[in-house]
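In what follows, a structure is listed as structure tokens, so that the remarks can point back to it.
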Amino acid sequence: MDAHPASIPPVQAAPRAGIRLPGVGAGLGRGMVVLYLSLMVLLPLAAVVDESLSKGLDAFWSSVTGDQAMAALKLTVVCSLIVVAINAVFGTIIAWVLVRDEFPGKAAVNALIDLPFALPTIVAGLTLLTLYGAKSPIGLDVAGTRVAIVVALCFITLPFVVRSVQPLLIEMDREMEEAATSLGSGGFTTFRRIIFPNLLPGVVAGVMLAFARALGEYGSLILITGNIPFETEVSSVFIRSQIESGNTAGASAVSVVLLALSVVMLIAVSLFAHSGTHGEKRGILVRAINRVISRSQLGGGS
Amino acid sequence: MTPTAPAKWGLRGLAFGYLGLLLLAPVGMIFYKTFEHGLGPPVDAMTSPEALHAIQLTLLMVAVAVPLNTIFGVGCALLLVRRRWWGNSIVDGIINLPFAVSPIVVGLSLYLLYGNTGWFGPTMAEWGIQVLFSWPGMVLASIFVSLPFVVRETVPVLQEIGTEQEQAASTLGANGWQTFWRITLPAIRWGVAYGVVLTVARVLGEFGAVTIVSGSISGETETMPLFVAKAFEQFQEEAAYAGAIVLALLALTTLLLMSVGGRKAKASSGGSLPAAELAVSTSNTKEGS
Amino acid sequence: MGIAVEGAFKRFGDFQALDDVSIDVPDGSLTALLGPSGSGKSTLLRAIAGLEDLDAGQVVINGQDATTTPAQKREVGFVFQHYAAFKHMTVFGNVAFGLKIRKWKRPEISDRVHELLRLVQLDGLAERYPDQLSGGQRQRMALARALAVEPQVLLLDEPFGALDAKVRKDLRTWLRRLHDEMHVTTIFVTHDQEEAMDVAEQLVVMNEGRVEQSGTAGDLYEHPANEFVMSFVGEVNRLGDHFVRPHDMDVVLDPDERTEEALVQRIVALGFEIRVEFTLGDGTEVWAQLTRPELQKLELREGQIVYLRPGQTKSFSSGEAVSAAA
């Protein structure tokens, strides 16, 4: 079983007839695809890995474990964990309300959930700043604090859990709940024992994806956090500062670490979706994850 | 399970409270702030030379990056779905890489490749091509970050339509190109279109990577997102908000197109609806509309 | 002339789909490839069309070796079980496709398309889209599309498999009539022996990648070459080594030296024919086919003990079909 979110489609028995582009034999077509990918994606990433090791393994290690780097990493990871926990709870609640409740304007609210995905990250930061920054009309100024990081990341990762849980909730068999009720189970108990276990895979997948995204976030944080080293500097901002002070090797080293974490997280999500669920639910979850991954990249990925 | 009335209102309260505080209020706020003093200031800000140049540059990036990634995307999807090859899983993995890379790292990678001491930097200089601090570098960054969209949206549609129509076309005398243009492409067009919409949105919104690659030289290498950031940093708030609104409106348009296009993509291929549309259509059915 | 396949072999991974298959299809005839799932009949059809490559063997179409010719150049009309309609084109567009590829002029295309639509009785639906048609209409459109380019051969892969029973019967008749009019060499694949016997002049029975027997419906029914053909083409009862057709099973009330004792289990009325199920002394279950008058004369009832006398039997244990009249 492959381990990537956009899972390899089973090749439809390549029939002899059909798409046979003359002059563009299979070899040439493959060659061009590989060339494009190499030029546009592989080569740049290879340059980063190469640069990270350019001063030797020791330098790599000391760059990654340097005080400022570690502070940034710690801050990034801790904030990301807090944020995904918050969004796990609220995301599930929102998904519930959107699926099981009726109210005017529901379609609009539902579409707006994707706004954090579609909005360019810089605009997201600016938007939050108008309400929670220096000139806040409600006097709530968190700009330059760690709270700002949490707020911004909550905004950015809001849709992850919602969109991972919604399809599962929609497809859920109501009859299970009816059976539970007929057996004497009250509202909350039914939720706890019947509904939530069925939603859990969506919550877990959403949390993992949100975490991967939060780790690398940059644009929404740059205006609102003040970017003070050791205080409010996240890893991506740290990398930027290293580039600007000419320490490309150090920047590359930390980049490689971030990259590795994200890749591992994406692979983990894929494995989880394929083996942690089964049957229909697996198909629904895998599709939901694919969609979320794509949509989440719109305004600026991690 | 229908929650009791208090539970229902409790849940609604939490949901709307959170959404209100995090999403709706800030968005409302920024619209308010932009138009606080009427239409004049934002329009002025958006028609300044720097702003116009930023808009132009942003559109240029879209005009170059999107067609390239679309052609690549369709070709790659054909390779992945219609041809058996050991390299397919590797290709698939690489396609997903851009999603795992922080934009800052993208910027760094291009800097390392095309900078003065980079792998290609000196060669490019010799050929008189300036990559960094100029639009080619920014285009490369845009291509990187938006590469996966068309492929990922086309693959399921291509799978869904199956090979029978193509085989039928073959038996009717059509060669490879004719089959592709007349049968395959029309059949996958909504999937491809959806991918293109996502690609455009991504290119428009790219910030982190182009920050590094462009040097953010006002009037020359500033895209809209960079323009917004710089304007804010230089206390030109009206310009920043105006730019932000333009980008926000584009984002909302993207959402709208996704909503409409998603339905069309489902209809033409018989595949499953994206979560957003699915939730809405389910409720519509319930209301009997 | 016609179509000939010599020594065809085709493997899919571990699965041998065609195992030394040779058939002969006379020019202008209507032949059915009949067999259960996995028998290789579809693979054979697709190999003739050029949609599959053979591992070994030859395909000869109208005297010319077509084994290495691509599908696009073989001039075979192919109709798929699930229609393979071009969903984004109208009915007109679908039927006109092959003509457009051959660069016919517009007025000529229009004439030909309408002529064909009249032939398949879809005239008036030219501007509809396939998803606005019923299954039967879509299949007729697919036929018109295949016939538009005047193919040398017409190949149909379980063409009525996706349709309702009634529609299937109607289209069967219709296909036969079409063939009578057009005389294009036609091969169709089916797993339904009734359909094959109803429509085709020649039947080729396949099983596990091999041809078991070919001949007319009558040939196969009365002189089956082996157990498989006998049980696939027509109904059969097995008594030890011997096989008896249900309508060859005589039911009598008095025993004699050729009869066997049987208990009437069930009497099922299927229209004109009655099916009576029996259990023999040793537990074997058999059934006999009686007409209503026969049933009434015998006054059979469930639970009654009667005696069965097989009429014509066949056995194949010696490797040869041996018929025995009782």
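Chains: A, B, ... in order of the structure tokens. Residues: from 1 per chain. Ligands: from 1, in order shown.
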
Given a cut-off of 6 Å, which residues of chain B touch chain C, counting only C-alpha atoms, written out as an mmCIF file with N, CA and C atoms, in the first residue's frame?
```
data_model
loop_
_atom_site.group_PDB
_atom_site.id
_atom_site.type_symbol
_atom_site.label_atom_id
_atom_site.label_comp_id
_atom_site.auth_asym_id
_atom_site.auth_seq_id
_atom_site.Cartn_x
_atom_site.Cartn_y
_atom_site.Cartn_z
ATOM 1 N N GLU B 164 -13.139 3.119 -21.536
ATOM 2 C CA GLU B 164 -13.984 2.591 -22.613
ATOM 3 C C GLU B 164 -14.260 3.595 -23.727
ATOM 4 N N GLN B 165 -14.492 4.854 -23.324
ATOM 5 C CA GLN B 165 -14.760 5.838 -24.372
ATOM 6 C C GLN B 165 -13.550 5.966 -25.291
ATOM 7 N N SER B 170 -10.942 4.671 -30.544
ATOM 8 C CA SER B 170 -9.930 3.942 -31.307
ATOM 9 C C SER B 170 -10.561 3.083 -32.378
ATOM 10 N N THR B 171 -11.568 2.298 -31.984
ATOM 11 C CA THR B 171 -12.178 1.408 -32.969
ATOM 12 C C THR B 171 -12.854 2.212 -34.066
ATOM 13 N N LEU B 172 -13.204 3.462 -33.778
ATOM 14 C CA LEU B 172 -13.843 4.279 -34.797
ATOM 15 C C LEU B 172 -12.810 4.990 -35.663
ATOM 16 N N GLY B 173 -11.548 4.694 -35.452
ATOM 17 C CA GLY B 173 -10.529 5.231 -36.348
ATOM 18 C C GLY B 173 -9.723 6.391 -35.805
#
```

- request: List every residue of region 15-211 of chain B that DSSP, applied to the backbone of this structure, assigns to alpha helix (DSSP H), and report them as a ChimeraX atom specification.
  value: /B:15-19,25-34,40-46,49-82,88-100,103-114,121-126,135-146,148-161,164-171,176-179,185-205,208-211

field: Spatial neighbours of Val252 (chain C), 7 Å, only C-alpha atoms, chain gap at least 6 places, as a VMD selection string
entry: chain C and resid 306 to 308

Pull N, CA and C atoms from the residues just selected and write them as a PDB file, in the first residue's frame.
```
ATOM      1  N   VAL C 306     -43.403 -41.984  -7.807  1.00  0.00           N
ATOM      2  CA  VAL C 306     -43.622 -42.331  -9.202  1.00  0.00           C
ATOM      3  C   VAL C 306     -42.359 -42.964  -9.745  1.00  0.00           C
ATOM      4  N   TYR C 307     -42.336 -43.194 -11.058  1.00  0.00           N
ATOM      5  CA  TYR C 307     -41.186 -43.869 -11.649  1.00  0.00           C
ATOM      6  C   TYR C 307     -40.699 -43.102 -12.855  1.00  0.00           C
ATOM      7  N   LEU C 308     -39.397 -42.933 -12.917  1.00  0.00           N
ATOM      8  CA  LEU C 308     -38.810 -42.158 -14.012  1.00  0.00           C
ATOM      9  C   LEU C 308     -38.113 -43.074 -14.988  1.00  0.00           C
TER      10      LEU C 308
END
```

- request: Within 8 Å of Phe211 (chain A), counting only C-alpha atoms, which residues show up once you throw out same-chain ones fewer than 4 positions away? Write them as a PyMOL selection string, please.
  value: chain A and resi 80-81+84+207+215

Writer output for current selection, N, CA and C atoms, as a PDB file, in the first residue's frame:
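File result.pdb, as written:
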```pdb
ATOM      1  N   SER A  80       1.645  24.906  18.306  1.00  0.00           N
ATOM      2  CA  SER A  80       0.890  24.075  17.371  1.00  0.00           C
ATOM      3  C   SER A  80       0.054  23.047  18.119  1.00  0.00           C
ATOM      4  N   LEU A  81       0.622  22.476  19.166  1.00  0.00           N
ATOM      5  CA  LEU A  81      -0.131  21.473  19.922  1.00  0.00           C
ATOM      6  C   LEU A  81      -1.350  22.097  20.590  1.00  0.00           C
ATOM      7  N   VAL A  84      -4.002  22.822  17.877  1.00  0.00           N
ATOM      8  CA  VAL A  84      -4.760  21.690  17.327  1.00  0.00           C
ATOM      9  C   VAL A  84      -5.707  21.109  18.369  1.00  0.00           C
ATOM     10  N   VAL A 207      -6.402  16.687  13.022  1.00  0.00           N
ATOM     11  CA  VAL A 207      -5.395  17.186  13.965  1.00  0.00           C
ATOM     12  C   VAL A 207      -3.987  17.023  13.394  1.00  0.00           C
ATOM     13  N   LEU A 215       3.162  23.943  11.846  1.00  0.00           N
ATOM     14  CA  LEU A 215       4.616  23.939  12.034  1.00  0.00           C
ATOM     15  C   LEU A 215       5.323  24.921  11.114  1.00  0.00           C
TER      16      LEU A 215
END
```

Surrounding residues of region 296-302 of chain C excluding itself and chain neighbours under 5 positions, 7 Å, only C-alpha atoms, as an mmCIF file with N, CA and C atoms, in the first residue's frame:
```cif
data_model
loop_
_atom_site.group_PDB
_atom_site.id
_atom_site.type_symbol
_atom_site.label_atom_id
_atom_site.label_comp_id
_atom_site.auth_asym_id
_atom_site.auth_seq_id
_atom_site.Cartn_x
_atom_site.Cartn_y
_atom_site.Cartn_z
ATOM 1 N N VAL C 264 -41.883 -37.225 -5.606
ATOM 2 C CA VAL C 264 -42.180 -35.884 -6.110
ATOM 3 C C VAL C 264 -41.955 -34.864 -5.000
ATOM 4 N N GLN C 265 -41.009 -33.954 -5.186
ATOM 5 C CA GLN C 265 -40.728 -32.968 -4.155
ATOM 6 C C GLN C 265 -41.542 -31.703 -4.348
ATOM 7 N N ARG C 266 -41.614 -31.272 -5.577
ATOM 8 C CA ARG C 266 -42.154 -29.934 -5.829
ATOM 9 C C ARG C 266 -42.655 -29.867 -7.249
ATOM 10 N N ILE C 267 -43.789 -29.195 -7.443
ATOM 11 C CA ILE C 267 -44.303 -28.995 -8.796
ATOM 12 C C ILE C 267 -44.402 -27.487 -9.032
#
```

Could you please select, counting only C-alpha atoms, the residues of chain B within 6 Å of chain A and state them as a JSON list (two decimals) with C-alpha atoms, in the first residue's frame?
```json
[["chain", "number", "residue", "atom", "x", "y", "z"],
["B", 1, "MET", "CA", -30.05, 11.61, 18.26],
["B", 15, "ALA", "CA", -19.87, 27.15, 17.43],
["B", 26, "PRO", "CA", -12.05, 39.99, 11.95],
["B", 30, "ILE", "CA", -11.14, 44.62, 7.84],
["B", 81, "VAL", "CA", -3.64, 6.75, -14.43],
["B", 82, "ARG", "CA", -3.26, 5.28, -17.88],
["B", 83, "ARG", "CA", 0.24, 3.85, -17.83],
["B", 100, "ALA", "CA", 4.90, 19.63, 2.94],
["B", 101, "VAL", "CA", 7.35, 22.45, 2.36],
["B", 102, "SER", "CA", 7.14, 25.76, 4.22],
["B", 109, "SER", "CA", 15.86, 26.59, -2.06],
["B", 110, "LEU", "CA", 15.55, 28.92, -5.03],
["B", 144, "PHE", "CA", 6.72, 25.05, -7.02],
["B", 166, "GLU", "CA", -11.15, 6.04, -25.49],
["B", 167, "GLN", "CA", -11.24, 2.46, -26.74],
["B", 170, "SER", "CA", -9.93, 3.94, -31.31],
["B", 176, "GLY", "CA", -3.91, 9.00, -30.09],
["B", 177, "TRP", "CA", -4.07, 12.80, -30.41],
["B", 201, "ALA", "CA", -5.71, 31.02, -6.00],
["B", 202, "ARG", "CA", -2.47, 29.60, -4.70],
["B", 205, "GLY", "CA", -1.74, 34.22, -2.36],
["B", 206, "GLU", "CA", 1.88, 33.18, -2.30],
["B", 244, "ALA", "CA", -5.86, 43.04, 1.57],
["B", 251, "ALA", "CA", -10.31, 34.53, -2.17],
["B", 275, "ALA", "CA", -17.12, 18.19, 1.79],
["B", 280, "VAL", "CA", -24.94, 22.00, 1.68]]
```

task: Tell me which protein, DNA and RNA residues are within 8 Å of region 113-120 of chain C, counting only C-alpha atoms, leaving out same-chain ones fewer than 3 positions away, and put them as a VMD selection string.
output: chain C and resid 92 95 to 96 109 to 110 123 126 140 to 141 143 to 144 147 to 148

Residues as selected, N, CA and C atoms, written as a compact mmCIF listing (two decimals), in the first residue's frame, can you do that?
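See result.txt below for the written result:
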```txt
# COMPACT_ATOMS: atom_id res chain seq x y z
N PHE C 92 -26.15 12.82 -32.09
CA PHE C 92 -25.64 13.12 -33.43
C PHE C 92 -24.11 13.09 -33.42
N VAL C 95 -22.66 9.51 -33.17
CA VAL C 95 -22.74 8.72 -34.39
C VAL C 95 -21.83 9.29 -35.46
N ALA C 96 -21.67 10.61 -35.46
CA ALA C 96 -20.87 11.25 -36.51
C ALA C 96 -19.37 11.14 -36.26
N ILE C 109 -22.06 13.91 -43.80
CA ILE C 109 -22.13 13.38 -42.44
C ILE C 109 -23.57 13.42 -41.96
N SER C 110 -24.19 14.56 -42.17
CA SER C 110 -25.57 14.73 -41.70
C SER C 110 -26.49 13.69 -42.32
N ASP C 123 -34.38 8.34 -34.62
CA ASP C 123 -34.56 9.58 -35.33
C ASP C 123 -35.37 10.54 -34.47
N ALA C 126 -31.66 13.13 -32.09
CA ALA C 126 -30.29 13.47 -32.48
C ALA C 126 -29.64 14.51 -31.59
N ARG C 140 -28.57 1.30 -28.84
CA ARG C 140 -28.86 1.46 -30.26
C ARG C 140 -28.02 2.58 -30.87
N MET C 141 -27.81 3.62 -30.05
CA MET C 141 -26.94 4.69 -30.53
C MET C 141 -25.53 4.16 -30.75
N LEU C 143 -24.65 1.22 -31.51
CA LEU C 143 -24.66 0.42 -32.72
C LEU C 143 -24.60 1.30 -33.96
N ALA C 144 -25.42 2.34 -33.93
CA ALA C 144 -25.42 3.25 -35.08
C ALA C 144 -24.04 3.86 -35.26
N LEU C 147 -21.76 1.35 -36.80
CA LEU C 147 -22.08 1.04 -38.19
C LEU C 147 -21.82 2.20 -39.14
N ALA C 148 -21.74 3.41 -38.59
CA ALA C 148 -21.64 4.59 -39.44
C ALA C 148 -20.46 4.51 -40.40
```

task: Write out as number ranges by chain the residues lying within 12 Å of region 120-129 of chain B, counting only C-alpha atoms and excluding same-chain residues fewer than 2 positions away.
output: A: 39, 43-44, 47; B: 109-118, 131-137
